[in-house]
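To start, the structure under review is shown below, and the notes come after it.
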Amino acid sequence: MATNPMQQFEVHKIGPSLSINGIDISFTNSSLFMMISTILIITFFILGTKKVSIVPGKIQILNELVFNFISKMINETVGSDAKPYFPFILTLFIFILTMNMIGLLPYSFTVTSQVIITFFFAIVIFIGVTIVGFAKNGLGFLKIFVPSGIPVFLLPLLVVIEIISFLSRPISLSVRLFANMLAGHTMLKVFGGFVVSLGILGGWLPLSFSVALTALEILVAFLQAYVFAVLSCIYLNDALHMHH
Amino acid sequence: MKKKIIFFILYLFLTQEVMAKEGMPQLNPEFWLSQIFWLIIFFGVLYFLIHKFFSPKLFSLIDQRADLLRSLISETENNKNQIQKLDNEYNKIIDEAKKNSKEISAKLNDEFNEKISIKKKEFEIYLNAETTKVENDINHFKQQALDNISEIASEFSKELIEKITGTKPNDSNLKVVISEISKKHKESRYV
């Protein structure tokens with residue numbers, strides 16, 4: 001077992017080097033776990049939708065549970081006009097959730113602990129939401145930076161604050177998920193290291209902490225995927241309905 | 001200004017390089033593009049499959065189930081209304097039957113009472129007639145008995161005198177005496 005708790009986040013190549021126009025696209029351990037997650041999700045959905053019936057089977061119930069959960073979340077946060085975005089939000093949620101959960105297995109790799117992954121998700125959502133906002137409201141989307149019902153002399157200051165707040169959305173969204181995964185896995189690794197170094201006599205206390213932390217991390221894994229999806233929906237809602 | 005921005009970006013890259021070396025492998029940009037590439041591939045594949053196959057299939061099933069449930073609910077609602085209607089009709093019929101039975105019962109009771117009173121009156125008339133008849137008969141027989149009593153008394157007296165004296169009394173004299181005695185007796189009774 002590696003002693004450095006940050007070593008688990010190292011990305012390394014698997015197989016030969018690949019490149020397109022000089023850009024390195026080599027398959028890495030991160031890509032491998034993305035692939036595993038994708039295969040697991042596809043298998044889950046194939047098994048759930050293979051023989052669909054009005055009276056559902058066990059896996060179909062789970063499939064419907066996930067569908068209804070996301071559908072309800074979108075309806076509550078955005079409304080019924082967000083139905084076209086359902087597949088994207090569902091894919092986002094289930095992909096992040098699966099990657100978070102797989103990362104909890106020993107000797108696995110947490111893809112969502114890579115800041116570039118979470119940042120890419122966040123920037124795609126940010127750009128997508130901005131495009132949707134302009135497409136739906138035209139230049140009126142810029143009103144999002146102008147809070148209603150405030151004195152005019154405060155407007156310059158508040159508009160600047162709103163712009164900064166809007167631009168920091170991808171950063172806050174990505175750092176939240178990345179930092180949670182990073183911190184949780186680092187702590188698990190540190191306590192795991194204590195168990196090994198203290199041995200059979202003194203390792204029981206950190207072991208019990210590790211067990212408790214694992215339970216907490218399972219919760220965090222779900223919660224962070226949910227928070228990411230909910231925040232995406234809230235940003236989408238801002239673009240579609242312009243609450244300001 | 002441009003110089004400042006370039007300097008800031010360079011500063012960020014340098015600091016992140018330092019941080020990566022210090023212990024944050026996530027900040028090492030070596031595999032960033034590769035990770036983004038594979039992320040786009042896998043996320044895209046997953047999105048495509050969910051969007052084109054899984055989502056429509058499950059949504060159509062959920063809609064189908066919702067339709068079925070809706071139709072079952074409406075059918076149940078109709079049946080419930082039908083039951084309610086039948087129940088109301090039943091109650092109405094029962095109420096009507098109760099009302100009719102009461103009316104019939106009251107009518108029969110009245111008829112019966114009327115018949116009873118007629119019969120009673122008839123019986124009373126009959127009874128009165130019979131009583132009058134019997135009283136008349138009694139009076140008649142009484143009168144007859146009273147009329148015959150002087151004759152019986154004269155015959156009895158005749159036989160008694162004959163046995164005591166051994167001579168036959170004169171019938172006309174005897175009758176006069178007896179009639180006088182009976183007159184006196186009647187008078188003494190009425191005084």
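Ligands are numbered from 1 in the order shown, chains are lettered A, B, ... in the order of the structure tokens, and residues start at 1 in each chain.
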Produce a table with one row for each residue of chain B that has an atom at most 6 Å from any atom of chain A, each row naming the nearest atom pair and its distance in Å at one decimal; use only C-alpha atoms; arrange rows by chain and rising residue number; format as a Markdown table.
| residue | atom | partner | partner_atom | distance |
| --- | --- | --- | --- | --- |
| B:Pro25 | CA | A:Glu10 | CA | 5.2 |
| B:Gln26 | CA | A:Gln114 | CA | 5.2 |
| B:Ser34 | CA | A:Ile25 | CA | 3.9 |
| B:Trp38 | CA | A:Ser31 | CA | 5.9 |
| B:Tyr47 | CA | A:Thr91 | CA | 5.7 |
| B:His51 | CA | A:Pro87 | CA | 5.3 |
| B:Arg65 | CA | A:Ile54 | CA | 5.9 |
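Pairwise distance (atom CA of A:Thr130, atom CA of A:Ala239) equals 6.9 Å.
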**OP:** For A:Ile150, list every protein, DNA or RNA residue within 12 Å, evaluated using only C-alpha atoms, and leave out those in the same chain fewer than 5 positions away; present the list as number ranges by chain.
**Re:** A: 155-159, 244
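Between atom CA of B:Leu174 and atom CA of B:Ile138 the separation is 29.3 Å.
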**OP:** List every residue of chain A that DSSP, applied to the backbone, labels as helix (DSSP H, G or I), and write the result as an MDAnalysis selection string.
**Re:** chainID A and resid 7:9 29:49 58:77 80:102 111:113 115:145 152:167 169:202 204:241
